[in-house]
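*Asks:* Starting off with a structure, shown below.
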Amino acid sequence: MKKPLLLHYYITNRCNANCKFCNIWQERPKTDANDADVAQNLKSARKAGCKFVDFTGGEPLLHPSLPKFLRSAKKLGFMTSVTTNCLLFEERAEELSGLVDLLHFSIDADTPALHNKIRGCESYNHVIRSIDAAIKNRLYPDLLFTYTDENINAVEGVIKLAREKRLILILDPVFAQWGPDNLNPEIHRLALKYSKTRGVYLNRAHLLLRDRGGNRLLKPLCRAVSSTVVITPDNKLAMPCYHHRAINITINNDLHNVLLSPERRESQSKEGRYSFCHGCHINCYFDPTYQYTKNRYLYESMAGKLKYAITKYLLYRRPWPLLNFSGFKVTRKNHL
């Protein structure tokens, strides 16, 4: 049985935005992860095989202990990632320096009006200022553009911004939580066209999956339970994923045994086969899933990641992240 690759750690479900395509900000009650629980769970997840940890939410910068969590993760050999709406980034940039390998700034348009409308808050100008604050602190964010029918024509200005700052632009198709993709196919064709330009990343496996109707119950692709460990702010293991929590197991400082539990084995046997899995195409769970396949999905996913790495680390000469997986260690001096 393959080991999990990714730890999705939801450290808070609080958020200071009201994004159109997300409902986490509507969750009640509001909860922050306990510091001691996070420390213990990081150790257990690393021993279980997880190589990446994504501290997410909600808005992860709302958790006061985020830098502490990142330091612990780095000491354990994790690659770390954080996605933020930037409302708090400027004031916290210095304390995050050197701790985030993959930093993502959410930006969904090239004008304040449309971006702020989509995000439900006045965050556009914070994103623009946060880019310079990040670079000043030797953090080099990717710009994450969640594209929809509403904003795909606003991507060109963001591409220009990314090139000016020598940053990667990630095109991420919005997903429907229930059922098949409902985006106009023409929108995906436009995104595919933009992805062929320098500095723009799109995981084309996502488009292939959507073109084929998403996950199929009779022949499921999804490996959400096998590939990903999902921990909620109230210290529960959620399965098969955060968006469809059919099983929730309280961890109680014993994540190792929870990962070996009959409940998790049962959920693994059903991954991609729950009724709500029909047509599913949720990006953050299929991205690690592709690494568990030996087909075109893996090829398309790896081809995009190779382009990303060549552009960011060779062409743009951004610092290599620290790799320390299973004894493999590579470092590179920082470049401005």
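Convention: chains lettered A, B, ... in structure tokens order; per-chain residue numbering from 1; ligands numbered from 1 as shown.
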Kindly assemble as CSV a list of the range 208-300 of chain A residues that lie within 8 Å of range 31-53 of chain A, each paired with its nearest atom pair and their distance in Å to one decimal, using only C-alpha atoms, sorted first by chain and then by ascending residue number.
*Replies:*
```
residue,atom,partner,partner_atom,distance
A:Val229,CA,A:Ala45,CA,7.7
A:Thr232,CA,A:Ala33,CA,7.7
A:Pro233,CA,A:Ala33,CA,4.4
A:Asp234,CA,A:Ala33,CA,6.1
A:Asn235,CA,A:Ala33,CA,6.8
A:Asn253,CA,A:Gln40,CA,6.4
A:Asp254,CA,A:Asn41,CA,7.8
A:Leu255,CA,A:Ser44,CA,6.0
A:His256,CA,A:Ser44,CA,5.7
```
*Asks:* Output all heavy atoms for every residue in that selection, as a PDB file, in the first residue's frame.
*Replies:*
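Output file part31.pdb is given in full below:
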```
ATOM      1  N   VAL A 229      -3.759  13.151   3.690  1.00  0.00           N
ATOM      2  CA  VAL A 229      -4.249  13.152   5.067  1.00  0.00           C
ATOM      3  C   VAL A 229      -4.881  14.514   5.313  1.00  0.00           C
ATOM      4  O   VAL A 229      -4.236  15.546   5.140  1.00  0.00           O
ATOM      5  CB  VAL A 229      -3.106  12.906   6.062  1.00  0.00           C
ATOM      6  CG1 VAL A 229      -3.597  13.037   7.505  1.00  0.00           C
ATOM      7  CG2 VAL A 229      -2.475  11.534   5.835  1.00  0.00           C
ATOM      8  N   THR A 232      -8.835  18.505  10.279  1.00  0.00           N
ATOM      9  CA  THR A 232      -9.698  19.667  10.452  1.00  0.00           C
ATOM     10  C   THR A 232      -9.254  20.488  11.672  1.00  0.00           C
ATOM     11  O   THR A 232      -8.507  19.993  12.526  1.00  0.00           O
ATOM     12  CB  THR A 232     -11.165  19.222  10.625  1.00  0.00           C
ATOM     13  OG1 THR A 232     -11.263  18.386  11.790  1.00  0.00           O
ATOM     14  CG2 THR A 232     -11.631  18.444   9.410  1.00  0.00           C
ATOM     15  N   PRO A 233      -9.728  21.733  11.781  1.00  0.00           N
ATOM     16  CA  PRO A 233      -9.298  22.576  12.915  1.00  0.00           C
ATOM     17  C   PRO A 233      -9.642  21.995  14.291  1.00  0.00           C
ATOM     18  O   PRO A 233      -8.951  22.294  15.266  1.00  0.00           O
ATOM     19  CB  PRO A 233     -10.054  23.891  12.670  1.00  0.00           C
ATOM     20  CG  PRO A 233     -10.322  23.917  11.209  1.00  0.00           C
ATOM     21  CD  PRO A 233     -10.557  22.487  10.827  1.00  0.00           C
ATOM     22  N   ASP A 234     -10.684  21.162  14.363  1.00  0.00           N
ATOM     23  CA  ASP A 234     -11.061  20.568  15.650  1.00  0.00           C
ATOM     24  C   ASP A 234     -10.396  19.212  15.875  1.00  0.00           C
ATOM     25  O   ASP A 234     -10.875  18.396  16.658  1.00  0.00           O
ATOM     26  CB  ASP A 234     -12.587  20.462  15.775  1.00  0.00           C
ATOM     27  CG  ASP A 234     -13.220  19.678  14.629  1.00  0.00           C
ATOM     28  OD1 ASP A 234     -12.506  19.330  13.665  1.00  0.00           O
ATOM     29  OD2 ASP A 234     -14.434  19.423  14.692  1.00  0.00           O
ATOM     30  N   ASN A 235      -9.276  18.986  15.170  1.00  0.00           N
ATOM     31  CA  ASN A 235      -8.411  17.817  15.391  1.00  0.00           C
ATOM     32  C   ASN A 235      -9.102  16.497  15.051  1.00  0.00           C
ATOM     33  O   ASN A 235      -9.049  15.531  15.822  1.00  0.00           O
ATOM     34  CB  ASN A 235      -7.885  17.778  16.829  1.00  0.00           C
ATOM     35  CG  ASN A 235      -6.607  16.951  16.943  1.00  0.00           C
ATOM     36  OD1 ASN A 235      -5.777  16.948  16.032  1.00  0.00           O
ATOM     37  ND2 ASN A 235      -6.459  16.240  18.049  1.00  0.00           N
ATOM     38  N   ASN A 253      -4.245  12.900  19.880  1.00  0.00           N
ATOM     39  CA  ASN A 253      -2.794  12.719  19.969  1.00  0.00           C
ATOM     40  C   ASN A 253      -2.302  11.359  19.477  1.00  0.00           C
ATOM     41  O   ASN A 253      -1.228  10.897  19.883  1.00  0.00           O
ATOM     42  CB  ASN A 253      -2.301  12.937  21.409  1.00  0.00           C
ATOM     43  CG  ASN A 253      -2.554  14.344  21.904  1.00  0.00           C
ATOM     44  OD1 ASN A 253      -2.351  15.308  21.161  1.00  0.00           O
ATOM     45  ND2 ASN A 253      -3.006  14.478  23.139  1.00  0.00           N
ATOM     46  N   ASP A 254      -3.073  10.707  18.617  1.00  0.00           N
ATOM     47  CA  ASP A 254      -2.669   9.386  18.147  1.00  0.00           C
ATOM     48  C   ASP A 254      -2.994   9.225  16.663  1.00  0.00           C
ATOM     49  O   ASP A 254      -3.674   8.297  16.251  1.00  0.00           O
ATOM     50  CB  ASP A 254      -3.378   8.306  18.959  1.00  0.00           C
ATOM     51  CG  ASP A 254      -2.701   6.939  18.829  1.00  0.00           C
ATOM     52  OD1 ASP A 254      -1.628   6.879  18.186  1.00  0.00           O
ATOM     53  OD2 ASP A 254      -3.244   5.960  19.351  1.00  0.00           O
ATOM     54  N   LEU A 255      -2.484  10.148  15.842  1.00  0.00           N
ATOM     55  CA  LEU A 255      -2.750  10.099  14.412  1.00  0.00           C
ATOM     56  C   LEU A 255      -2.248   8.799  13.793  1.00  0.00           C
ATOM     57  O   LEU A 255      -2.878   8.258  12.881  1.00  0.00           O
ATOM     58  CB  LEU A 255      -2.099  11.301  13.713  1.00  0.00           C
ATOM     59  CG  LEU A 255      -2.240  11.363  12.192  1.00  0.00           C
ATOM     60  CD1 LEU A 255      -3.706  11.440  11.775  1.00  0.00           C
ATOM     61  CD2 LEU A 255      -1.460  12.556  11.634  1.00  0.00           C
ATOM     62  N   HIS A 256      -1.134   8.279  14.298  1.00  0.00           N
ATOM     63  CA  HIS A 256      -0.571   7.047  13.738  1.00  0.00           C
ATOM     64  C   HIS A 256      -1.600   5.919  13.751  1.00  0.00           C
ATOM     65  O   HIS A 256      -1.833   5.259  12.739  1.00  0.00           O
ATOM     66  CB  HIS A 256       0.676   6.637  14.525  1.00  0.00           C
ATOM     67  CG  HIS A 256       1.234   5.307  14.106  1.00  0.00           C
ATOM     68  ND1 HIS A 256       1.917   5.124  12.923  1.00  0.00           N
ATOM     69  CD2 HIS A 256       1.189   4.080  14.717  1.00  0.00           C
ATOM     70  CE1 HIS A 256       2.277   3.859  12.812  1.00  0.00           C
ATOM     71  NE2 HIS A 256       1.853   3.202  13.885  1.00  0.00           N
TER      72      HIS A 256
END
```
*Asks:* Which residues come within 10 Å of His206 in chain A, counting only C-alpha atoms, excluding same-chain residues fewer than 5 positions away, as a ChimeraX atom specification?
*Replies:* /A:172-173,188,211,214,281-283,286-287,290,297,300-301
*Asks:* Suppose we keep all heavy atoms; can you now write the selection as a short mmCIF file (atom, residue, chain, number, x, y, z; two decimals), in the first residue's frame?
*Replies:*
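And here's out26.cif as it stands now:
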```
data_model
loop_
_atom_site.label_atom_id
_atom_site.label_comp_id
_atom_site.auth_asym_id
_atom_site.auth_seq_id
_atom_site.Cartn_x
_atom_site.Cartn_y
_atom_site.Cartn_z
N ASP A 172 -6.07 28.00 -12.17
CA ASP A 172 -6.74 26.93 -11.43
C ASP A 172 -8.23 26.98 -11.74
O ASP A 172 -8.90 27.94 -11.35
CB ASP A 172 -6.50 27.13 -9.93
CG ASP A 172 -6.59 25.83 -9.16
OD1 ASP A 172 -6.17 24.80 -9.69
OD2 ASP A 172 -7.08 25.86 -8.01
N PRO A 173 -8.76 25.99 -12.45
CA PRO A 173 -10.19 26.04 -12.78
C PRO A 173 -11.05 25.91 -11.53
O PRO A 173 -10.78 25.06 -10.67
CB PRO A 173 -10.38 24.85 -13.72
CG PRO A 173 -9.25 23.92 -13.40
CD PRO A 173 -8.11 24.79 -12.99
N HIS A 188 -12.27 26.67 -20.68
CA HIS A 188 -11.09 25.81 -20.54
C HIS A 188 -10.17 25.94 -21.76
O HIS A 188 -8.94 25.90 -21.62
CB HIS A 188 -11.51 24.36 -20.37
CG HIS A 188 -12.20 24.07 -19.08
ND1 HIS A 188 -11.68 24.44 -17.85
CD2 HIS A 188 -13.37 23.42 -18.80
CE1 HIS A 188 -12.49 24.05 -16.89
NE2 HIS A 188 -13.52 23.43 -17.45
N ASP A 211 -12.97 16.87 -19.05
CA ASP A 211 -13.43 16.51 -20.38
C ASP A 211 -14.02 15.10 -20.40
O ASP A 211 -14.93 14.81 -21.18
CB ASP A 211 -12.27 16.60 -21.37
CG ASP A 211 -12.71 16.38 -22.81
OD1 ASP A 211 -13.59 17.14 -23.29
OD2 ASP A 211 -12.18 15.44 -23.46
N GLY A 214 -15.25 13.81 -15.19
CA GLY A 214 -14.88 13.70 -13.79
C GLY A 214 -14.74 12.26 -13.34
O GLY A 214 -14.66 11.33 -14.14
N HIS A 281 -14.23 16.47 -9.40
CA HIS A 281 -13.03 16.96 -10.09
C HIS A 281 -12.33 18.00 -9.21
O HIS A 281 -11.73 18.94 -9.72
CB HIS A 281 -13.43 17.60 -11.43
CG HIS A 281 -14.53 18.61 -11.28
ND1 HIS A 281 -15.86 18.26 -11.18
CD2 HIS A 281 -14.50 19.96 -11.17
CE1 HIS A 281 -16.59 19.35 -11.02
NE2 HIS A 281 -15.79 20.40 -11.02
N ILE A 282 -12.39 17.84 -7.89
CA ILE A 282 -11.83 18.82 -6.97
C ILE A 282 -10.32 18.83 -7.10
O ILE A 282 -9.64 17.85 -6.81
CB ILE A 282 -12.28 18.54 -5.52
CG1 ILE A 282 -13.80 18.63 -5.42
CG2 ILE A 282 -11.62 19.53 -4.56
CD1 ILE A 282 -14.36 18.28 -4.05
N ASN A 283 -9.78 19.97 -7.52
CA ASN A 283 -8.37 20.06 -7.92
C ASN A 283 -7.39 19.59 -6.86
O ASN A 283 -6.44 18.85 -7.16
CB ASN A 283 -8.03 21.52 -8.29
CG ASN A 283 -8.96 22.09 -9.33
OD1 ASN A 283 -9.45 21.38 -10.19
ND2 ASN A 283 -9.21 23.39 -9.25
N PHE A 286 -7.28 15.75 -6.62
CA PHE A 286 -6.84 15.01 -7.80
C PHE A 286 -5.38 15.30 -8.14
O PHE A 286 -4.72 14.45 -8.74
CB PHE A 286 -7.76 15.31 -8.99
CG PHE A 286 -9.01 14.48 -8.95
CD1 PHE A 286 -10.19 15.01 -8.45
CD2 PHE A 286 -9.01 13.16 -9.37
CE1 PHE A 286 -11.34 14.25 -8.38
CE2 PHE A 286 -10.15 12.38 -9.30
CZ PHE A 286 -11.32 12.92 -8.80
N ASP A 287 -4.87 16.45 -7.74
CA ASP A 287 -3.46 16.74 -8.02
C ASP A 287 -2.56 15.65 -7.43
O ASP A 287 -1.72 15.08 -8.15
CB ASP A 287 -3.09 18.12 -7.49
CG ASP A 287 -1.87 18.69 -8.19
OD1 ASP A 287 -0.91 17.95 -8.39
OD2 ASP A 287 -1.88 19.88 -8.56
N TYR A 290 -3.05 12.01 -9.19
CA TYR A 290 -2.39 11.69 -10.45
C TYR A 290 -1.06 10.98 -10.22
O TYR A 290 -0.62 10.18 -11.06
CB TYR A 290 -2.14 12.97 -11.26
CG TYR A 290 -3.37 13.79 -11.56
CD1 TYR A 290 -3.34 15.19 -11.49
CD2 TYR A 290 -4.59 13.19 -11.89
CE1 TYR A 290 -4.46 15.96 -11.76
CE2 TYR A 290 -5.72 13.95 -12.15
CZ TYR A 290 -5.64 15.33 -12.08
OH TYR A 290 -6.77 16.09 -12.34
N TYR A 297 -3.02 10.91 -17.21
CA TYR A 297 -3.17 11.91 -16.16
C TYR A 297 -1.81 12.22 -15.52
O TYR A 297 -1.47 13.38 -15.29
CB TYR A 297 -4.13 11.42 -15.07
CG TYR A 297 -5.56 11.33 -15.51
CD1 TYR A 297 -6.16 10.10 -15.77
CD2 TYR A 297 -6.34 12.47 -15.68
CE1 TYR A 297 -7.48 10.00 -16.18
CE2 TYR A 297 -7.66 12.40 -16.08
CZ TYR A 297 -8.23 11.15 -16.34
OH TYR A 297 -9.53 11.08 -16.74
N GLU A 300 0.38 14.25 -18.10
CA GLU A 300 -0.03 15.65 -18.24
C GLU A 300 0.34 16.45 -16.98
O GLU A 300 0.78 17.60 -17.06
CB GLU A 300 -1.54 15.73 -18.48
CG GLU A 300 -2.01 15.14 -19.80
CD GLU A 300 -1.67 16.02 -21.00
OE1 GLU A 300 -1.04 17.07 -20.82
OE2 GLU A 300 -2.06 15.63 -22.12
N SER A 301 0.15 15.84 -15.81
CA SER A 301 0.45 16.52 -14.56
C SER A 301 1.95 16.78 -14.43
O SER A 301 2.38 17.90 -14.09
CB SER A 301 -0.04 15.69 -13.38
OG SER A 301 0.24 16.33 -12.15
#
```
*Asks:* Identify all residues of range 112-176 of chain A in strand (DSSP E) (DSSP on the backbone) and supply them as an NGL selection string.
*Replies:* :A and (142-147 or 169-173)
*Asks:* Kindly export the residues of the current selection with N, CA, C and O atoms, as a PDB file, in the first residue's frame.
*Replies:*
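Contents of selection.pdb, as written:
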```pdb
ATOM      1  N   ASP A 142       3.671  32.435  -5.987  1.00  0.00           N
ATOM      2  CA  ASP A 142       2.969  32.198  -7.238  1.00  0.00           C
ATOM      3  C   ASP A 142       1.645  32.946  -7.154  1.00  0.00           C
ATOM      4  O   ASP A 142       1.030  33.032  -6.087  1.00  0.00           O
ATOM      5  N   LEU A 143       1.209  33.506  -8.269  1.00  0.00           N
ATOM      6  CA  LEU A 143      -0.094  34.171  -8.315  1.00  0.00           C
ATOM      7  C   LEU A 143      -1.128  33.144  -8.733  1.00  0.00           C
ATOM      8  O   LEU A 143      -1.027  32.537  -9.805  1.00  0.00           O
ATOM      9  N   LEU A 144      -2.104  32.921  -7.885  1.00  0.00           N
ATOM     10  CA  LEU A 144      -3.106  31.878  -8.098  1.00  0.00           C
ATOM     11  C   LEU A 144      -4.392  32.498  -8.624  1.00  0.00           C
ATOM     12  O   LEU A 144      -5.075  33.222  -7.902  1.00  0.00           O
ATOM     13  N   PHE A 145      -4.696  32.202  -9.873  1.00  0.00           N
ATOM     14  CA  PHE A 145      -5.865  32.764 -10.545  1.00  0.00           C
ATOM     15  C   PHE A 145      -6.912  31.663 -10.690  1.00  0.00           C
ATOM     16  O   PHE A 145      -6.745  30.729 -11.487  1.00  0.00           O
ATOM     17  N   THR A 146      -7.962  31.732  -9.888  1.00  0.00           N
ATOM     18  CA  THR A 146      -9.064  30.769  -9.999  1.00  0.00           C
ATOM     19  C   THR A 146      -9.996  31.247 -11.102  1.00  0.00           C
ATOM     20  O   THR A 146     -10.694  32.250 -10.945  1.00  0.00           O
ATOM     21  N   TYR A 147      -9.962  30.549 -12.235  1.00  0.00           N
ATOM     22  CA  TYR A 147     -10.733  31.070 -13.369  1.00  0.00           C
ATOM     23  C   TYR A 147     -12.141  30.494 -13.422  1.00  0.00           C
ATOM     24  O   TYR A 147     -12.403  29.353 -13.062  1.00  0.00           O
ATOM     25  N   LEU A 169       2.358  32.420 -12.754  1.00  0.00           N
ATOM     26  CA  LEU A 169       0.902  32.533 -12.650  1.00  0.00           C
ATOM     27  C   LEU A 169       0.302  31.142 -12.791  1.00  0.00           C
ATOM     28  O   LEU A 169       0.554  30.439 -13.783  1.00  0.00           O
ATOM     29  N   ILE A 170      -0.464  30.724 -11.802  1.00  0.00           N
ATOM     30  CA  ILE A 170      -1.139  29.433 -11.822  1.00  0.00           C
ATOM     31  C   ILE A 170      -2.594  29.640 -12.206  1.00  0.00           C
ATOM     32  O   ILE A 170      -3.313  30.401 -11.552  1.00  0.00           O
ATOM     33  N   LEU A 171      -3.019  28.972 -13.264  1.00  0.00           N
ATOM     34  CA  LEU A 171      -4.432  28.976 -13.655  1.00  0.00           C
ATOM     35  C   LEU A 171      -5.099  27.763 -13.028  1.00  0.00           C
ATOM     36  O   LEU A 171      -4.725  26.615 -13.306  1.00  0.00           O
ATOM     37  N   ASP A 172      -6.071  28.004 -12.168  1.00  0.00           N
ATOM     38  CA  ASP A 172      -6.739  26.935 -11.430  1.00  0.00           C
ATOM     39  C   ASP A 172      -8.226  26.983 -11.738  1.00  0.00           C
ATOM     40  O   ASP A 172      -8.901  27.937 -11.347  1.00  0.00           O
ATOM     41  N   PRO A 173      -8.760  25.991 -12.451  1.00  0.00           N
ATOM     42  CA  PRO A 173     -10.189  26.044 -12.778  1.00  0.00           C
ATOM     43  C   PRO A 173     -11.053  25.908 -11.529  1.00  0.00           C
ATOM     44  O   PRO A 173     -10.785  25.065 -10.672  1.00  0.00           O
TER      45      PRO A 173
END
```
*Asks:* With only C-alpha atoms as the basis for distance, which of A:Lys136, A:His126, A:Arg119, A:His244 is at the shortest distance from Gly98 in chain A?
*Replies:*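 Result for the nearest residue to Gly98 in chain A: A:Lys136.
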